[in-house]
Amino acid sequence: MTQPPFRRWLSGALLAACLTPAYAAKVEFFDDVPVGPQPLTDEEHRYLAFGEVMYDYYRNADFQAINKLLVNKQNALFNQETDYAQLLLGDLYVSYGLPDKAEVIFNELLKKDIVTRTRAQTWLHKAELHYHEGRLDKAAMILDSDKMEGLKPEDDAKRRLMLANIMMKQEDFTGALDYLYSVPVDTDEGRYATYNMGVALIRAGHTKQGLKVLHSLVDAGGNSEQALALRDRAALAAGLTELRDKQNDAARASLSQVRSQGPFSEDALLALGLANYRAGQVRKALPLWLEAVRRSKNHPSVQEALMLAPRAYEELGAMPQALAGYQYAAQAYRQALKDLQRTIDHINKGGWAEAMLPKNPNENGLLPASIDGLAQGDNKELAYLYKLFSSNEFAQRFKHYRQVHQIKDMLDHWQQSLPALQESYQIQQQQLRQALPKVRAAMSGMIGRQEQLTRDSNALVVPDRLDMSHPEDLGNAGQAIMWDRIQSLSQQFDHLPGNSQRNKARLQRLRGLLLWDIANKAQQQRQQQEKDHSDLNQDSNILARRVAAVRLQISDASLRTHDDLGQRLQQQETRIQTLQKQTSNTLQDLEKSMRDDALNVLQQTQHRLADQLAEAHLAIARLQDSSVSERNKQGDGS
Amino acid sequence: MKALLPLFSALLLSLGSLAHAADDNGLSERIRQLKSEALNLNRDLTLLEKELLYASPQTNIFVSVDVGTPIRLVDINLTIDGEHVGYHFYTDQEFQALTKGGIQRLYSGNLTSGRHVLEATINGYDPQGKDYQKTTSYTFTKGPGRKMIEMQVVDDLNSHQHKFKFREWNQQ
């Protein structure tokens, strides 16, 4: 991502501090300088606006991030110069499912003379777009060209991964492996690609190579729940492949590496039991299937194990245990069929898809990432639909559902807000019409007073030296009053009663004392005067700014009383209603499509369970018949 | 037992499913159009709302933190001239967004012109998980143009806590 200029400057400063320790202190010094209010230039404004977009982007609020980019674009803050904002908008369009809009942006950017890294990033985004749209050849052509030069290491890893995936889909496994080896397996992307590679190789008939890739994933590190689950999945896939190829020992070794409480433990128990059974070790297979039987009865592998455990008993000659096992299986299948029917009824009721929405709309996808935990619980619906939820097709559809639902919430919000906005506008208009004439009249007088104050303040000069020929200018308020009185007494002394020589001398002494007192405190008093003068100037400036602010407000208010905002607000009503209808129809169609998929899966499960129930009943009948004929034989013999 | 083999093949296939995106074309196109129109409408309504609410230049207060800080910001409380104007509790996701360079607008409103005092109180955890509280105040003057204040919550390397830095801009 290209950084906005201010951030680049900041990064540059920090880099300089890191590279040259001798200047580090200098950088810190500049950092601490109080800069005070600065003029808001486009660069600074973009720094703040783009920072806000990044906040939304990193908290996964893509819709809000796109909206901020569009609003700022409309306000001409983001324009042709701001490549970083354009690139991010293109990226967000891709993830929001608007590839056409993204392509327009990328093409515009590529026509421009932009820095090499931004150009390479733009090409990468464009290749990603082709990839998601299924245009694999076009994507590969870009990814494998010199257009990718200058990419950051993390983007280059993404490029290699995409190339590996493309080649995998085109069944060019050698090429895919070459790219895959350079992708670190300690990342989630690397792990998934390795797993996909292993499975693709096996499906294409390159079993040996595929198993090698899957085993490399089993041996790789990683302690996150996602890494461990994928490790289990790789061990299970390897084990099942080996089992299919009758490599029982290898299969047992692989399956033993699946965690006993992980999301694939039931499948592994079932398969491990079969591996033992195939090796002729029925006694070793039985405890594994019995362990599986103790797990959730809604899991398909557990449902299989329900029949396998009594069969193992049967082969070991333990007929009463076998009979009890089949009866238990039949009971479990009946219960599972009931649960299944309840789930089908629940899904048919409607509102099913909405109930799956996460509370926080910005939460990272509920499906399929965090579904594993839910599937392990008592939620029978999730247990039956787990495989459906894990499929990419369903995840894509659910993502659309979430996004359209977010649009619905947005429209509901605006529909509720619009009357309030319209009312606010009417009230504002009314108040402004009433207040404006009074405010305008009052303002002209106030402007005159403020201008006079500024003139007086400017005219007031504090002398730069202490001049005792004007002691009244140096004294504080009390001293100045006293000085006035003494001066007045001195001037009128001859006309006053008691104007004796003694009193005249006393008055002169008092005058001298006051002069001494004023002179003594003159320095301090002058400092106070300078401070007061400075404060006065400051207050006068603030008053001037306030007057300017009020004048601007009056001007804005006058424009408001004549604008067409009310009309424009009203026009939005129709747009909101039209989109609400479209949203509602789209949500219904999406829910129907997801419901059909879910019901299809459930009906298939229903058929399978019905078959298993029939099989269990047949086994019960067979054992009971053989038991009766055994007794009859014994009876005949006796 | 032979009947089990198809089951394992199905299991293997389901485990090995690769990523494929497929959608009904008609519905996909409708969704795209709807998204595009919704984005345009949301943009227009946001602009109209701003035009209505901020007919006069508003004051905006933003919050940012040091990129990659080891200190966790828990919540922030904001007052202007003693009146409570904003509070935000940070989820992990939101705080991560801040540490990656995101800037959050904490307050946007119409203030009278003249001098104002902004006071911010933050609660946070130091790298050892110990909680603390810090308060700061900042005086600014609102003039005729738009006012932007960025409150940077930066690491205080000496105390392993946060401290504040302010940057202020006036639109001329």
# chains A, B, ... in the order shown; residues from 1 in each chain; ligands from 1

call {"tool": "closest_atom_pairs", "arguments": {"of": "chain A", "to": "chain B", "cutoff": "6 Å", "atoms": "only C-alpha atoms", "output": "Markdown table"}}
result
| residue | atom | partner | partner_atom | distance |
| --- | --- | --- | --- | --- |
| A:Pro37 | CA | B:Glu168 | CA | 4.6 |
| A:Gln38 | CA | B:Trp169 | CA | 4.6 |
| A:Pro39 | CA | B:Asn170 | CA | 5.0 |
| A:Leu40 | CA | B:Gln171 | CA | 4.9 |
| A:Gly51 | CA | B:Ile103 | CA | 4.5 |
| A:Glu52 | CA | B:Ile103 | CA | 4.7 |
| A:Met54 | CA | B:Gly102 | CA | 4.7 |
| A:Tyr55 | CA | B:Gly102 | CA | 3.8 |
| A:Tyr58 | CA | B:Ala97 | CA | 4.7 |
| A:Arg59 | CA | B:Gln93 | CA | 5.4 |
| A:Asn67 | CA | B:Arg43 | CA | 5.8 |
| A:Val71 | CA | B:Arg43 | CA | 5.6 |
| A:Val199 | CA | B:Gly16 | CA | 5.3 |
| A:Asn392 | CA | B:Ala19 | CA | 5.7 |
| A:Glu393 | CA | B:Ala21 | CA | 5.4 |
| A:Arg545 | CA | B:Gly143 | CA | 5.2 |
| A:Arg546 | CA | B:Ser113 | CA | 5.2 |
| A:Ala548 | CA | B:Pro144 | CA | 5.7 |
| A:Ala549 | CA | B:Pro144 | CA | 3.6 |
| A:Gln553 | CA | B:Ser56 | CA | 5.9 |

call {"tool": "atom_distance", "arguments": {"atom1": "CA of Leu124 in chain A", "atom2": "CA of Ser95 in chain A"}}
result
14.1 Å

call {"tool": "residues_around", "arguments": {"residues": "Ile122 in chain B", "least_positions_apart": "5", "cutoff": "7 Å", "atoms": "only C-alpha atoms", "output": "list of chain:residue names"}}
result
B:Asp75, B:Ile76, B:Asn77, B:Gln133, B:Lys134, B:Thr135

call {"tool": "write_last_selection", "arguments": {"atoms": "N, CA and C atoms", "output": "PDB file, in the first residue's frame"}}
result
ATOM      1  N   ASP B  75      -9.943   2.083  26.634  1.00  0.00           N
ATOM      2  CA  ASP B  75     -11.037   2.988  26.261  1.00  0.00           C
ATOM      3  C   ASP B  75     -10.589   4.432  26.388  1.00  0.00           C
ATOM      4  N   ILE B  76     -11.388   5.306  25.853  1.00  0.00           N
ATOM      5  CA  ILE B  76     -11.045   6.730  25.864  1.00  0.00           C
ATOM      6  C   ILE B  76     -12.317   7.533  26.118  1.00  0.00           C
ATOM      7  N   ASN B  77     -12.168   8.534  26.957  1.00  0.00           N
ATOM      8  CA  ASN B  77     -13.309   9.367  27.319  1.00  0.00           C
ATOM      9  C   ASN B  77     -12.951  10.818  27.006  1.00  0.00           C
ATOM     10  N   GLN B 133      -4.499   4.600  34.232  1.00  0.00           N
ATOM     11  CA  GLN B 133      -5.367   5.645  33.668  1.00  0.00           C
ATOM     12  C   GLN B 133      -4.572   6.931  33.510  1.00  0.00           C
ATOM     13  N   LYS B 134      -4.778   7.630  32.418  1.00  0.00           N
ATOM     14  CA  LYS B 134      -4.085   8.909  32.212  1.00  0.00           C
ATOM     15  C   LYS B 134      -5.066   9.953  31.690  1.00  0.00           C
ATOM     16  N   THR B 135      -4.863  11.184  32.151  1.00  0.00           N
ATOM     17  CA  THR B 135      -5.743  12.272  31.706  1.00  0.00           C
ATOM     18  C   THR B 135      -4.886  13.422  31.189  1.00  0.00           C
TER      19      THR B 135
END

call {"tool": "closest_residue", "arguments": {"among": "B:Leu111, B:Leu78, B:Asn158, B:Leu106", "to": "Tyr54 in chain B", "atoms": "only C-alpha atoms"}}
result
B:Leu111

call {"tool": "select_by_dssp", "arguments": {"residues": "range 71-121 of chain A", "states": "alpha helix (DSSP H)", "output": "PyMOL selection string"}}
result
chain A and resi 71-74+83-95+99-111+116-121

call {"tool": "residues_around", "arguments": {"residues": "range 564-569 of chain A", "least_positions_apart": "2", "cutoff": "7 Å", "atoms": "only C-alpha atoms", "output": "JSON, numbers by chain"}}
result
{"A": [422, 425, 562, 571, 572]}

call {"tool": "write_last_selection", "arguments": {"atoms": "N, CA and C atoms", "output": "PDB file, in the first residue's frame"}}
result
ATOM      1  N   GLN A 422     -35.259  15.391   7.434  1.00  0.00           N
ATOM      2  CA  GLN A 422     -36.162  16.360   6.781  1.00  0.00           C
ATOM      3  C   GLN A 422     -36.767  17.308   7.805  1.00  0.00           C
ATOM      4  N   TYR A 425     -34.269  19.784   8.928  1.00  0.00           N
ATOM      5  CA  TYR A 425     -34.091  20.811   7.905  1.00  0.00           C
ATOM      6  C   TYR A 425     -35.187  21.874   8.022  1.00  0.00           C
ATOM      7  N   HIS A 562     -31.968  29.559   1.321  1.00  0.00           N
ATOM      8  CA  HIS A 562     -32.359  29.566  -0.098  1.00  0.00           C
ATOM      9  C   HIS A 562     -31.967  28.292  -0.837  1.00  0.00           C
ATOM     10  N   GLN A 571     -35.968  13.558  -2.479  1.00  0.00           N
ATOM     11  CA  GLN A 571     -35.736  12.697  -3.656  1.00  0.00           C
ATOM     12  C   GLN A 571     -35.144  11.337  -3.265  1.00  0.00           C
ATOM     13  N   GLN A 572     -34.472  11.291  -2.121  1.00  0.00           N
ATOM     14  CA  GLN A 572     -33.811  10.038  -1.713  1.00  0.00           C
ATOM     15  C   GLN A 572     -34.820   8.976  -1.276  1.00  0.00           C
TER      16      GLN A 572
END

call {"tool": "atom_distance", "arguments": {"atom1": "CA of Glu154 in chain A", "atom2": "CA of Ser216 in chain A"}}
result
22.5 Å

call {"tool": "decode", "arguments": {"residues": "range 198-307 of chain A", "atoms": "C-alpha atoms", "output": "PDB file, in the first residue's frame"}}
result
ATOM      1  CA  GLY A 198      -1.311 -32.698  -2.140  1.00  0.00           C
ATOM      2  CA  VAL A 199      -4.971 -33.473  -2.781  1.00  0.00           C
ATOM      3  CA  ALA A 200      -4.809 -32.239  -6.394  1.00  0.00           C
ATOM      4  CA  LEU A 201      -1.815 -34.472  -7.070  1.00  0.00           C
ATOM      5  CA  ILE A 202      -3.623 -37.514  -5.629  1.00  0.00           C
ATOM      6  CA  ARG A 203      -6.746 -36.783  -7.627  1.00  0.00           C
ATOM      7  CA  ALA A 204      -4.679 -36.474 -10.796  1.00  0.00           C
ATOM      8  CA  GLY A 205      -3.147 -39.897 -10.147  1.00  0.00           C
ATOM      9  CA  HIS A 206       0.237 -38.696  -8.800  1.00  0.00           C
ATOM     10  CA  THR A 207      -0.341 -40.467  -5.511  1.00  0.00           C
ATOM     11  CA  LYS A 208       3.264 -40.789  -4.415  1.00  0.00           C
ATOM     12  CA  GLN A 209       4.004 -37.106  -4.915  1.00  0.00           C
ATOM     13  CA  GLY A 210       0.683 -36.118  -3.356  1.00  0.00           C
ATOM     14  CA  LEU A 211       1.320 -38.185  -0.253  1.00  0.00           C
ATOM     15  CA  LYS A 212       4.777 -36.667   0.061  1.00  0.00           C
ATOM     16  CA  VAL A 213       3.271 -33.169  -0.005  1.00  0.00           C
ATOM     17  CA  LEU A 214       0.569 -34.082   2.540  1.00  0.00           C
ATOM     18  CA  HIS A 215       3.153 -35.663   4.866  1.00  0.00           C
ATOM     19  CA  SER A 216       5.307 -32.527   4.622  1.00  0.00           C
ATOM     20  CA  LEU A 217       2.316 -30.584   5.942  1.00  0.00           C
ATOM     21  CA  VAL A 218       1.782 -33.095   8.774  1.00  0.00           C
ATOM     22  CA  ASP A 219       5.421 -32.625   9.802  1.00  0.00           C
ATOM     23  CA  ALA A 220       5.300 -28.822   9.543  1.00  0.00           C
ATOM     24  CA  GLY A 221       4.964 -26.726  12.697  1.00  0.00           C
ATOM     25  CA  GLY A 222       2.220 -24.326  13.701  1.00  0.00           C
ATOM     26  CA  ASN A 223       0.215 -24.299  16.914  1.00  0.00           C
ATOM     27  CA  SER A 224      -2.794 -22.239  15.936  1.00  0.00           C
ATOM     28  CA  GLU A 225      -6.147 -24.063  15.895  1.00  0.00           C
ATOM     29  CA  GLN A 226      -6.341 -23.491  12.152  1.00  0.00           C
ATOM     30  CA  ALA A 227      -2.845 -24.964  11.590  1.00  0.00           C
ATOM     31  CA  LEU A 228      -3.606 -27.985  13.782  1.00  0.00           C
ATOM     32  CA  ALA A 229      -6.954 -28.615  12.066  1.00  0.00           C
ATOM     33  CA  LEU A 230      -5.317 -28.497   8.647  1.00  0.00           C
ATOM     34  CA  ARG A 231      -2.577 -30.833   9.891  1.00  0.00           C
ATOM     35  CA  ASP A 232      -5.304 -33.283  11.007  1.00  0.00           C
ATOM     36  CA  ARG A 233      -7.000 -32.919   7.665  1.00  0.00           C
ATOM     37  CA  ALA A 234      -3.744 -33.657   5.789  1.00  0.00           C
ATOM     38  CA  ALA A 235      -3.033 -36.740   7.964  1.00  0.00           C
ATOM     39  CA  LEU A 236      -6.576 -38.006   7.388  1.00  0.00           C
ATOM     40  CA  ALA A 237      -6.413 -37.450   3.608  1.00  0.00           C
ATOM     41  CA  ALA A 238      -3.033 -39.222   3.468  1.00  0.00           C
ATOM     42  CA  GLY A 239      -4.350 -42.097   5.624  1.00  0.00           C
ATOM     43  CA  LEU A 240      -7.471 -42.560   3.495  1.00  0.00           C
ATOM     44  CA  THR A 241      -5.404 -42.542   0.297  1.00  0.00           C
ATOM     45  CA  GLU A 242      -3.056 -45.172   1.716  1.00  0.00           C
ATOM     46  CA  LEU A 243      -6.016 -47.206   2.882  1.00  0.00           C
ATOM     47  CA  ARG A 244      -7.505 -47.060  -0.602  1.00  0.00           C
ATOM     48  CA  ASP A 245      -4.182 -48.293  -2.009  1.00  0.00           C
ATOM     49  CA  LYS A 246      -4.120 -51.131   0.544  1.00  0.00           C
ATOM     50  CA  GLN A 247      -1.066 -49.756   2.362  1.00  0.00           C
ATOM     51  CA  ASN A 248      -2.511 -50.595   5.749  1.00  0.00           C
ATOM     52  CA  ASP A 249       0.576 -49.949   7.863  1.00  0.00           C
ATOM     53  CA  ALA A 250       1.233 -46.583   6.256  1.00  0.00           C
ATOM     54  CA  ALA A 251      -2.467 -45.715   6.625  1.00  0.00           C
ATOM     55  CA  ARG A 252      -2.391 -46.595  10.329  1.00  0.00           C
ATOM     56  CA  ALA A 253       0.722 -44.460  10.837  1.00  0.00           C
ATOM     57  CA  SER A 254      -0.902 -41.466   9.100  1.00  0.00           C
ATOM     58  CA  LEU A 255      -4.285 -41.816  10.803  1.00  0.00           C
ATOM     59  CA  SER A 256      -2.677 -42.116  14.231  1.00  0.00           C
ATOM     60  CA  GLN A 257      -1.422 -38.558  13.801  1.00  0.00           C
ATOM     61  CA  VAL A 258      -4.934 -37.112  13.740  1.00  0.00           C
ATOM     62  CA  ARG A 259      -5.717 -35.583  17.151  1.00  0.00           C
ATOM     63  CA  SER A 260      -8.187 -37.678  19.144  1.00  0.00           C
ATOM     64  CA  GLN A 261     -10.352 -34.655  20.037  1.00  0.00           C
ATOM     65  CA  GLY A 262      -9.878 -32.630  16.866  1.00  0.00           C
ATOM     66  CA  PRO A 263     -12.542 -31.845  14.253  1.00  0.00           C
ATOM     67  CA  PHE A 264     -11.553 -34.910  12.160  1.00  0.00           C
ATOM     68  CA  SER A 265     -11.220 -37.415  15.010  1.00  0.00           C
ATOM     69  CA  GLU A 266     -14.457 -39.314  14.210  1.00  0.00           C
ATOM     70  CA  ASP A 267     -13.397 -39.839  10.583  1.00  0.00           C
ATOM     71  CA  ALA A 268      -9.946 -40.935  11.737  1.00  0.00           C
ATOM     72  CA  LEU A 269     -11.345 -43.428  14.295  1.00  0.00           C
ATOM     73  CA  LEU A 270     -13.548 -44.986  11.640  1.00  0.00           C
ATOM     74  CA  ALA A 271     -10.712 -45.219   9.102  1.00  0.00           C
ATOM     75  CA  LEU A 272      -8.165 -46.461  11.625  1.00  0.00           C
ATOM     76  CA  GLY A 273     -10.556 -49.220  12.658  1.00  0.00           C
ATOM     77  CA  LEU A 274     -10.937 -50.210   9.015  1.00  0.00           C
ATOM     78  CA  ALA A 275      -7.141 -50.248   8.538  1.00  0.00           C
ATOM     79  CA  ASN A 276      -6.862 -52.695  11.449  1.00  0.00           C
ATOM     80  CA  TYR A 277      -9.747 -54.739  10.147  1.00  0.00           C
ATOM     81  CA  ARG A 278      -8.119 -54.936   6.707  1.00  0.00           C
ATOM     82  CA  ALA A 279      -4.941 -56.155   8.367  1.00  0.00           C
ATOM     83  CA  GLY A 280      -7.020 -58.958   9.907  1.00  0.00           C
ATOM     84  CA  GLN A 281      -6.890 -57.423  13.370  1.00  0.00           C
ATOM     85  CA  VAL A 282     -10.598 -57.312  14.220  1.00  0.00           C
ATOM     86  CA  ARG A 283      -9.864 -57.153  17.966  1.00  0.00           C
ATOM     87  CA  LYS A 284      -7.868 -53.955  17.401  1.00  0.00           C
ATOM     88  CA  ALA A 285     -10.560 -52.456  15.169  1.00  0.00           C
ATOM     89  CA  LEU A 286     -13.382 -52.972  17.677  1.00  0.00           C
ATOM     90  CA  PRO A 287     -12.257 -50.555  20.470  1.00  0.00           C
ATOM     91  CA  LEU A 288     -11.739 -47.790  17.889  1.00  0.00           C
ATOM     92  CA  TRP A 289     -15.264 -48.194  16.534  1.00  0.00           C
ATOM     93  CA  LEU A 290     -16.645 -48.439  20.062  1.00  0.00           C
ATOM     94  CA  GLU A 291     -14.879 -45.181  20.878  1.00  0.00           C
ATOM     95  CA  ALA A 292     -16.417 -43.629  17.754  1.00  0.00           C
ATOM     96  CA  VAL A 293     -19.876 -44.849  18.810  1.00  0.00           C
ATOM     97  CA  ARG A 294     -19.534 -42.859  22.052  1.00  0.00           C
ATOM     98  CA  ARG A 295     -19.222 -39.618  20.049  1.00  0.00           C
ATOM     99  CA  SER A 296     -22.008 -37.421  18.645  1.00  0.00           C
ATOM    100  CA  LYS A 297     -24.540 -39.670  16.878  1.00  0.00           C
ATOM    101  CA  ASN A 298     -25.134 -37.047  14.200  1.00  0.00           C
ATOM    102  CA  HIS A 299     -21.681 -37.415  12.667  1.00  0.00           C
ATOM    103  CA  PRO A 300     -21.707 -39.552   9.467  1.00  0.00           C
ATOM    104  CA  SER A 301     -18.574 -41.456  10.516  1.00  0.00           C
ATOM    105  CA  VAL A 302     -20.121 -42.240  13.905  1.00  0.00           C
ATOM    106  CA  GLN A 303     -23.244 -43.442  12.149  1.00  0.00           C
ATOM    107  CA  GLU A 304     -21.085 -45.795  10.072  1.00  0.00           C
ATOM    108  CA  ALA A 305     -19.276 -47.008  13.184  1.00  0.00           C
ATOM    109  CA  LEU A 306     -22.625 -47.845  14.783  1.00  0.00           C
ATOM    110  CA  MET A 307     -22.957 -50.711  12.301  1.00  0.00           C
TER     111      MET A 307
END
